[in-house]
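Shown here: model_34.cif, mmCIF, C-alpha atoms and all ligand atoms.
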data_my_file
loop_
_atom_site.group_PDB
_atom_site.id
_atom_site.type_symbol
_atom_site.label_atom_id
_atom_site.label_comp_id
_atom_site.auth_asym_id
_atom_site.auth_seq_id
_atom_site.Cartn_x
_atom_site.Cartn_y
_atom_site.Cartn_z
ATOM 1 C CA MET A 155 -6.491 -24.638 28.391
ATOM 2 C CA SER A 156 -8.031 -27.479 26.453
ATOM 3 C CA ASP A 157 -7.014 -30.934 27.672
ATOM 4 C CA THR A 158 -6.155 -32.318 24.208
ATOM 5 C CA PRO A 159 -2.476 -31.881 23.299
ATOM 6 C CA ILE A 160 -2.007 -30.062 19.993
ATOM 7 C CA SER A 161 0.397 -32.803 18.872
ATOM 8 C CA ASN A 162 -2.713 -35.017 18.378
ATOM 9 C CA ASP A 163 -3.525 -32.949 15.265
ATOM 10 C CA ILE A 164 -0.214 -33.741 13.552
ATOM 11 C CA LYS A 165 -0.154 -36.429 10.868
ATOM 12 C CA GLU A 166 3.604 -36.624 10.495
ATOM 13 C CA ILE A 167 6.671 -34.895 11.895
ATOM 14 C CA ILE A 168 8.829 -33.947 8.917
ATOM 15 C CA ILE A 169 11.606 -31.987 10.669
ATOM 16 C CA SER A 170 12.569 -32.804 14.247
ATOM 17 C CA GLU A 171 13.646 -30.339 16.918
ATOM 18 C CA LYS A 172 17.177 -31.819 16.851
ATOM 19 C CA ASN A 173 17.420 -31.333 13.079
ATOM 20 C CA ILE A 174 16.252 -27.726 13.376
ATOM 21 C CA GLU A 175 18.802 -26.993 16.108
ATOM 22 C CA GLN A 176 21.604 -28.527 14.072
ATOM 23 C CA ARG A 177 20.588 -26.599 10.952
ATOM 24 C CA CYS A 178 20.426 -23.331 12.936
ATOM 25 C CA ARG A 179 24.016 -23.895 14.070
ATOM 26 C CA GLU A 180 25.120 -24.428 10.462
ATOM 27 C CA LEU A 181 23.166 -21.448 9.136
ATOM 28 C CA ALA A 182 24.498 -19.124 11.845
ATOM 29 C CA ALA A 183 28.078 -20.182 11.095
ATOM 30 C CA GLN A 184 27.611 -19.611 7.374
ATOM 31 C CA ILE A 185 25.838 -16.277 7.781
ATOM 32 C CA GLU A 186 28.330 -15.043 10.339
ATOM 33 C CA ALA A 187 31.259 -15.978 8.135
ATOM 34 C CA ASP A 188 29.695 -14.101 5.203
ATOM 35 C CA TYR A 189 29.126 -10.925 7.215
ATOM 36 C CA GLU A 190 32.463 -11.184 9.009
ATOM 37 C CA ASN A 191 34.239 -11.261 5.657
ATOM 38 C CA ASP A 192 32.781 -7.853 4.951
ATOM 39 C CA GLY A 193 33.261 -6.544 8.517
ATOM 40 C CA ILE A 194 29.537 -5.970 8.918
ATOM 41 C CA THR A 195 27.270 -5.956 11.991
ATOM 42 C CA PRO A 196 23.866 -7.013 10.620
ATOM 43 C CA LEU A 197 20.497 -5.777 11.825
ATOM 44 C CA VAL A 198 18.605 -9.065 12.212
ATOM 45 C CA VAL A 199 14.875 -8.441 11.738
ATOM 46 C CA GLY A 200 12.275 -11.092 12.582
ATOM 47 C CA LEU A 201 8.945 -11.018 10.776
ATOM 48 C CA LEU A 202 6.310 -11.437 13.464
ATOM 49 C CA LYS A 203 5.014 -13.817 14.534
ATOM 50 C CA GLY A 204 6.132 -16.883 12.594
ATOM 51 C CA SER A 205 9.863 -16.209 12.844
ATOM 52 C CA VAL A 206 10.074 -16.016 16.650
ATOM 53 C CA PRO A 207 11.141 -19.607 17.550
ATOM 54 C CA PHE A 208 13.521 -19.796 14.562
ATOM 55 C CA MET A 209 15.045 -16.398 15.274
ATOM 56 C CA SER A 210 15.631 -17.152 18.955
ATOM 57 C CA GLU A 211 17.305 -20.454 18.085
ATOM 58 C CA LEU A 212 19.397 -18.996 15.246
ATOM 59 C CA ILE A 213 20.824 -15.982 17.061
ATOM 60 C CA LYS A 214 22.147 -18.114 19.938
ATOM 61 C CA TYR A 215 24.850 -19.392 17.590
ATOM 62 C CA PHE A 216 26.217 -16.001 16.491
ATOM 63 C CA HIS A 217 29.470 -15.197 18.255
ATOM 64 C CA HIS A 218 29.867 -11.609 17.128
ATOM 65 C CA ALA A 219 27.754 -8.500 17.622
ATOM 66 C CA ILE A 220 24.375 -8.289 15.938
ATOM 67 C CA GLU A 221 21.407 -5.982 16.422
ATOM 68 C CA ILE A 222 17.922 -7.454 16.565
ATOM 69 C CA ASP A 223 14.481 -6.030 15.936
ATOM 70 C CA PHE A 224 11.019 -7.151 14.838
ATOM 71 C CA ILE A 225 8.484 -5.975 12.289
ATOM 72 C CA SER A 226 4.923 -7.083 11.667
ATOM 73 C CA VAL A 227 3.339 -6.689 8.245
ATOM 74 C CA SER A 228 0.129 -7.787 6.570
ATOM 75 C CA SER A 229 -0.956 -7.921 2.961
ATOM 76 C CA TYR A 230 -3.322 -5.264 1.711
ATOM 77 C CA GLU A 231 -6.676 -6.969 1.177
ATOM 78 C CA GLY A 232 -7.622 -7.483 -2.430
ATOM 79 C CA THR A 233 -4.187 -6.699 -3.775
ATOM 80 C CA GLU A 234 -2.556 -10.044 -3.103
ATOM 81 C CA SER A 235 -0.932 -10.178 -6.508
ATOM 82 C CA SER A 236 0.677 -6.757 -6.138
ATOM 83 C CA GLY A 237 2.463 -7.922 -3.006
ATOM 84 C CA ASP A 238 1.934 -4.603 -1.230
ATOM 85 C CA VAL A 239 2.296 -4.845 2.519
ATOM 86 C CA LYS A 240 1.007 -2.710 5.371
ATOM 87 C CA ILE A 241 3.233 -2.246 8.430
ATOM 88 C CA ASP A 242 1.320 -3.264 11.575
ATOM 89 C CA LYS A 243 4.325 -2.839 13.893
ATOM 90 C CA ASP A 244 7.397 -1.056 12.645
ATOM 91 C CA LEU A 245 11.007 -1.502 13.759
ATOM 92 C CA ASP A 246 12.202 0.313 16.871
ATOM 93 C CA LEU A 247 15.641 0.823 15.332
ATOM 94 C CA SER A 248 16.466 2.666 12.150
ATOM 95 C CA SER A 249 17.387 0.486 9.183
ATOM 96 C CA ARG A 250 19.003 3.379 7.292
ATOM 97 C CA ASN A 251 22.482 2.406 6.031
ATOM 98 C CA LYS A 252 22.161 -0.947 7.827
ATOM 99 C CA ASN A 253 22.766 -4.418 6.454
ATOM 100 C CA VAL A 254 19.418 -6.016 7.173
ATOM 101 C CA LEU A 255 18.970 -9.761 7.562
ATOM 102 C CA ILE A 256 15.258 -10.611 7.396
ATOM 103 C CA VAL A 257 14.298 -13.743 9.329
ATOM 104 C CA GLU A 258 11.185 -15.532 8.045
ATOM 105 C CA ASP A 259 9.457 -18.832 8.782
ATOM 106 C CA ILE A 260 8.643 -19.883 5.196
ATOM 107 C CA VAL A 261 8.898 -18.610 1.640
ATOM 108 C CA ASP A 262 5.750 -19.699 -0.132
ATOM 109 C CA THR A 263 4.569 -17.590 -3.092
ATOM 110 C CA GLY A 264 7.360 -15.152 -2.186
ATOM 111 C CA ARG A 265 5.063 -12.118 -2.277
ATOM 112 C CA THR A 266 5.546 -11.162 1.376
ATOM 113 C CA LEU A 267 9.330 -11.299 1.235
ATOM 114 C CA LYS A 268 9.585 -9.503 -2.058
ATOM 115 C CA ALA A 269 7.527 -6.625 -0.641
ATOM 116 C CA VAL A 270 9.369 -6.575 2.702
ATOM 117 C CA LYS A 271 12.755 -6.588 1.012
ATOM 118 C CA GLN A 272 11.717 -3.579 -1.084
ATOM 119 C CA LEU A 273 10.351 -1.886 2.027
ATOM 120 C CA PHE A 274 13.777 -1.985 3.681
ATOM 121 C CA TYR A 275 15.475 -0.638 0.582
ATOM 122 C CA ASN A 276 12.889 2.168 0.562
ATOM 123 C CA LYS A 277 13.835 2.901 4.196
ATOM 124 C CA GLY A 278 17.448 3.346 3.107
ATOM 125 C CA ALA A 279 18.978 -0.010 4.027
ATOM 126 C CA ASN A 280 22.406 -0.584 2.589
ATOM 127 C CA GLU A 281 21.738 -4.246 1.800
ATOM 128 C CA VAL A 282 18.947 -6.737 2.502
ATOM 129 C CA ARG A 283 19.361 -10.484 2.807
ATOM 130 C CA ILE A 284 16.846 -13.145 3.785
ATOM 131 C CA VAL A 285 17.124 -16.254 5.926
ATOM 132 C CA SER A 286 14.093 -18.531 5.979
ATOM 133 C CA LEU A 287 13.620 -21.676 8.040
ATOM 134 C CA LEU A 288 11.580 -23.279 5.258
ATOM 135 C CA ASP A 289 11.217 -22.926 1.519
ATOM 136 C CA LYS A 290 8.397 -24.243 -0.667
ATOM 137 C CA PRO A 291 9.928 -23.649 -4.103
ATOM 138 C CA ASP A 292 7.047 -25.311 -5.982
ATOM 139 C CA ARG A 293 4.684 -22.569 -4.850
ATOM 140 C CA ARG A 294 6.714 -19.552 -5.965
ATOM 141 C CA LYS A 295 4.728 -16.869 -7.805
ATOM 142 C CA VAL A 296 7.245 -14.023 -7.831
ATOM 143 C CA ASP A 297 10.937 -13.892 -8.515
ATOM 144 C CA ILE A 298 12.545 -13.989 -5.073
ATOM 145 C CA GLU A 299 14.827 -16.396 -3.247
ATOM 146 C CA ALA A 300 16.052 -16.483 0.312
ATOM 147 C CA ASP A 301 19.833 -16.122 0.601
ATOM 148 C CA TYR A 302 19.877 -18.794 3.302
ATOM 149 C CA VAL A 303 17.348 -21.629 3.684
ATOM 150 C CA GLY A 304 16.991 -24.130 6.505
ATOM 151 C CA PHE A 305 14.977 -26.820 4.734
ATOM 152 C CA LYS A 306 13.048 -27.250 1.496
ATOM 153 C CA VAL A 307 9.564 -28.642 2.132
ATOM 154 C CA PRO A 308 6.966 -30.191 -0.159
ATOM 155 C CA ASP A 309 3.752 -28.405 -1.032
ATOM 156 C CA ALA A 310 1.792 -29.498 2.064
ATOM 157 C CA PHE A 311 0.412 -27.389 4.893
ATOM 158 C CA VAL A 312 3.056 -27.424 7.589
ATOM 159 C CA VAL A 313 2.833 -26.108 11.141
ATOM 160 C CA GLY A 314 5.016 -25.792 14.221
ATOM 161 C CA TYR A 315 8.212 -23.961 15.146
ATOM 162 C CA GLY A 316 6.412 -20.648 14.605
ATOM 163 C CA LEU A 317 4.126 -21.698 11.775
ATOM 164 C CA ASP A 318 0.430 -21.628 12.541
ATOM 165 C CA TYR A 319 -2.972 -22.710 11.365
ATOM 166 C CA ASN A 320 -5.487 -20.125 12.638
ATOM 167 C CA GLN A 321 -2.876 -18.947 15.176
ATOM 168 C CA LYS A 322 -2.532 -22.457 16.636
ATOM 169 C CA TYR A 323 0.493 -24.850 16.648
ATOM 170 C CA ARG A 324 3.200 -22.143 16.685
ATOM 171 C CA ASN A 325 4.553 -23.611 19.936
ATOM 172 C CA LEU A 326 5.176 -27.126 18.619
ATOM 173 C CA PRO A 327 8.941 -27.739 18.824
ATOM 174 C CA TYR A 328 9.086 -29.410 15.383
ATOM 175 C CA ILE A 329 7.686 -29.000 11.848
ATOM 176 C CA GLY A 330 4.762 -31.283 11.141
ATOM 177 C CA ILE A 331 2.076 -31.841 8.562
ATOM 178 C CA LEU A 332 -1.414 -31.130 9.857
ATOM 179 C CA LYS A 333 -4.049 -33.874 9.627
ATOM 180 C CA GLU A 334 -6.427 -33.052 6.769
ATOM 181 C CA GLU A 335 -9.522 -33.329 9.006
ATOM 182 C CA ILE A 336 -8.310 -30.298 10.988
ATOM 183 C CA TYR A 337 -8.626 -27.853 8.096
ATOM 184 C CA GLU A 338 -11.219 -29.589 5.920
HETATM 185 P P1 LIG B 401 4.146 -15.752 0.770
HETATM 186 O O1 LIG B 401 3.101 -16.503 -0.017
HETATM 187 O O2 LIG B 401 4.005 -14.283 0.627
HETATM 188 O O3 LIG B 401 3.705 -16.042 2.250
HETATM 189 O O4 LIG B 401 5.517 -16.290 0.509
HETATM 190 C C1 LIG B 401 4.495 -16.547 3.224
HETATM 191 C C2 LIG B 401 3.616 -16.661 4.433
HETATM 192 O O5 LIG B 401 2.545 -17.588 4.200
HETATM 193 C C3 LIG B 401 2.322 -18.389 5.320
HETATM 194 N N1 LIG B 401 2.442 -19.806 4.919
HETATM 195 C C4 LIG B 401 2.303 -20.865 5.714
HETATM 196 N N2 LIG B 401 2.026 -20.950 7.021
HETATM 197 N N3 LIG B 401 2.117 -23.303 6.896
HETATM 198 C C5 LIG B 401 1.930 -22.174 7.593
HETATM 199 O O6 LIG B 401 1.699 -22.286 8.795
HETATM 200 C C6 LIG B 401 2.391 -23.326 5.587
HETATM 201 O O7 LIG B 401 2.543 -24.394 4.993
HETATM 202 C C7 LIG B 401 2.487 -22.021 4.961
HETATM 203 N N4 LIG B 401 2.746 -21.639 3.706
HETATM 204 C C8 LIG B 401 2.716 -20.273 3.724
HETATM 205 C C9 LIG B 401 3.344 -17.979 6.335
HETATM 206 O O8 LIG B 401 2.741 -17.103 7.244
HETATM 207 C C10 LIG B 401 4.405 -17.231 5.573
HETATM 208 O O9 LIG B 401 5.006 -16.191 6.318
HETATM 209 MG MG MG B 402 4.528 -15.438 8.136
#

Take the structure from the file and write it as structure tokens.
Amino acid sequence: MSDTPISNDIKEIIISEKNIEQRCRELAAQIEADYENDGITPLVVGLLKGSVPFMSELIKYFHHAIEIDFISVSSYEGTESSGDVKIDKDLDLSSRNKNVLIVEDIVDTGRTLKAVKQLFYNKGANEVRIVSLLDKPDRRKVDIEADYVGFKVPDAFVVGYGLDYNQKYRNLPYIGILKEEIYE
């Protein structure tokens, strides 16, 4: 391991660990109430790898039965605008006739989520909703919104709590803005 803490590369913490925990409690209560109303057990699907810290925090606050699974997708090279995705690791469980709740770290252009949502409908899901820790509405390129959002963030490169820059910083327990000199 390198001896420099990764927190040295952060310019500013914009969302603290405490705030994230509190928001996860609120989101879980809201989501659970919505599903409970309809008597539904959701299949909660984390998009690897960015959703992992958020998903593990969020699901702690559900009091009723849920199923969980993970999927890993990547964009087809050269077809960014089409929003096609390739499945790198598929679900273990079937999503047929399930009410799928996709868990994502951030909605940016929206292309990934739009494609993943369609993917689950193609696999026969009954309904697909999205919960995202962060939302960058100013960057949206396609018509998609998360049903549940933790925090809106400005158009800056943010890392931590699952979000990476070159696979680094996912383990920071907060959301921070990276110092420009790191990616320039
Ligand atoms: P789209 O554009 O399809 O992509 O909505 C969402 C994915 O883009 C990544 N992303 C970020 N990752 N800091 C990050 O660490 C950011 O500020 C950021 N903006 C977008 C992320 O992988 C997300 O799943
Ligand atoms: Mg991602």

Problem - Result set of the PyMOL selection byres (((chain A and resi 283-289) around 7) and not hetatm) on the coordinates above, as a PyMOL selection string - result: chain A and resi 208+254-262+281-282+290-291+300-307

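The residue that comes closest to Ser170 of chain A, out of A:Phe224, A:Phe274, A:Tyr315, A:Tyr215 and on the basis of only C-alpha atoms, is A:Tyr315.
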
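Between atom CA of Ala183 of chain A and atom CA of Val206 of chain A lies a distance of 19.3 Å.
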
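The set of residues that the PyMOL selection byres (((not hetatm)) within 9 of (chain B and resi 402)) takes from this file is Leu201, Leu202, Lys203, Gly204, Ser205, Val227, Ser228, Glu258, Asp259, Ile260, Val261, Thr266, Gly316, Leu317 and Asp318 of chain A.
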
Exercise for the section: Write out as a list in words which residues come within 10 Å of Ile213 of chain A when counting only C-alpha atoms, dropping same-chain ones fewer than 3 positions away. Expected result: Cys178, Arg179, Leu181, Ala182, Val198, Phe208, Met209, Ser210, Phe216, His217, Ile220 and Ile222 of chain A

Completion exercise
Judged by only C-alpha atoms, the minimum distance to Arg324 of chain A among A:Ser161, A:Glu338, A:Ile169, A:Ser156 is found for A:Ser161

Could you give me the centre and size, in Å to one decimal, of an axis-aligned box around all listed atoms of ligand LIG 401 (chain B) with 3 Å added on every side, as JSON?
{"center_x": 3.6, "center_y": -19.3, "center_z": 4.4, "size_x": 9.8, "size_y": 16.1, "size_z": 14.8}

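Using all atoms listed in the file, the shortest contact distance between Arg265 of chain A and any of A:Ala219, A:Arg293, A:Ile160, A:Tyr323 is found at A:Arg293.
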
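The coordinates place atom CA of Lys295 of chain A at 16.3 Å from atom CA of Ala310 of chain A.
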
Problem - Explicit residue set for the PyMOL selection byres (((chain A and resi 311) around 10) and not hetatm), as a list in words - result: Val307, Pro308, Asp309, Ala310, Val312, Val313, Leu317, Asp318, Tyr319, Gly330, Ile331, Leu332, Lys333, Glu334 and Tyr337 of chain A

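The space separating atom O2 of ligand LIG 401 (chain B) from atom CA of Lys268 of chain A comes to 7.8 Å.
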
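Residue nearest ligand LIG 401 (chain B), chosen from A:Gly200, A:Pro159, A:Pro327, A:Gly264 and counting all atoms listed in the file: A:Gly264.
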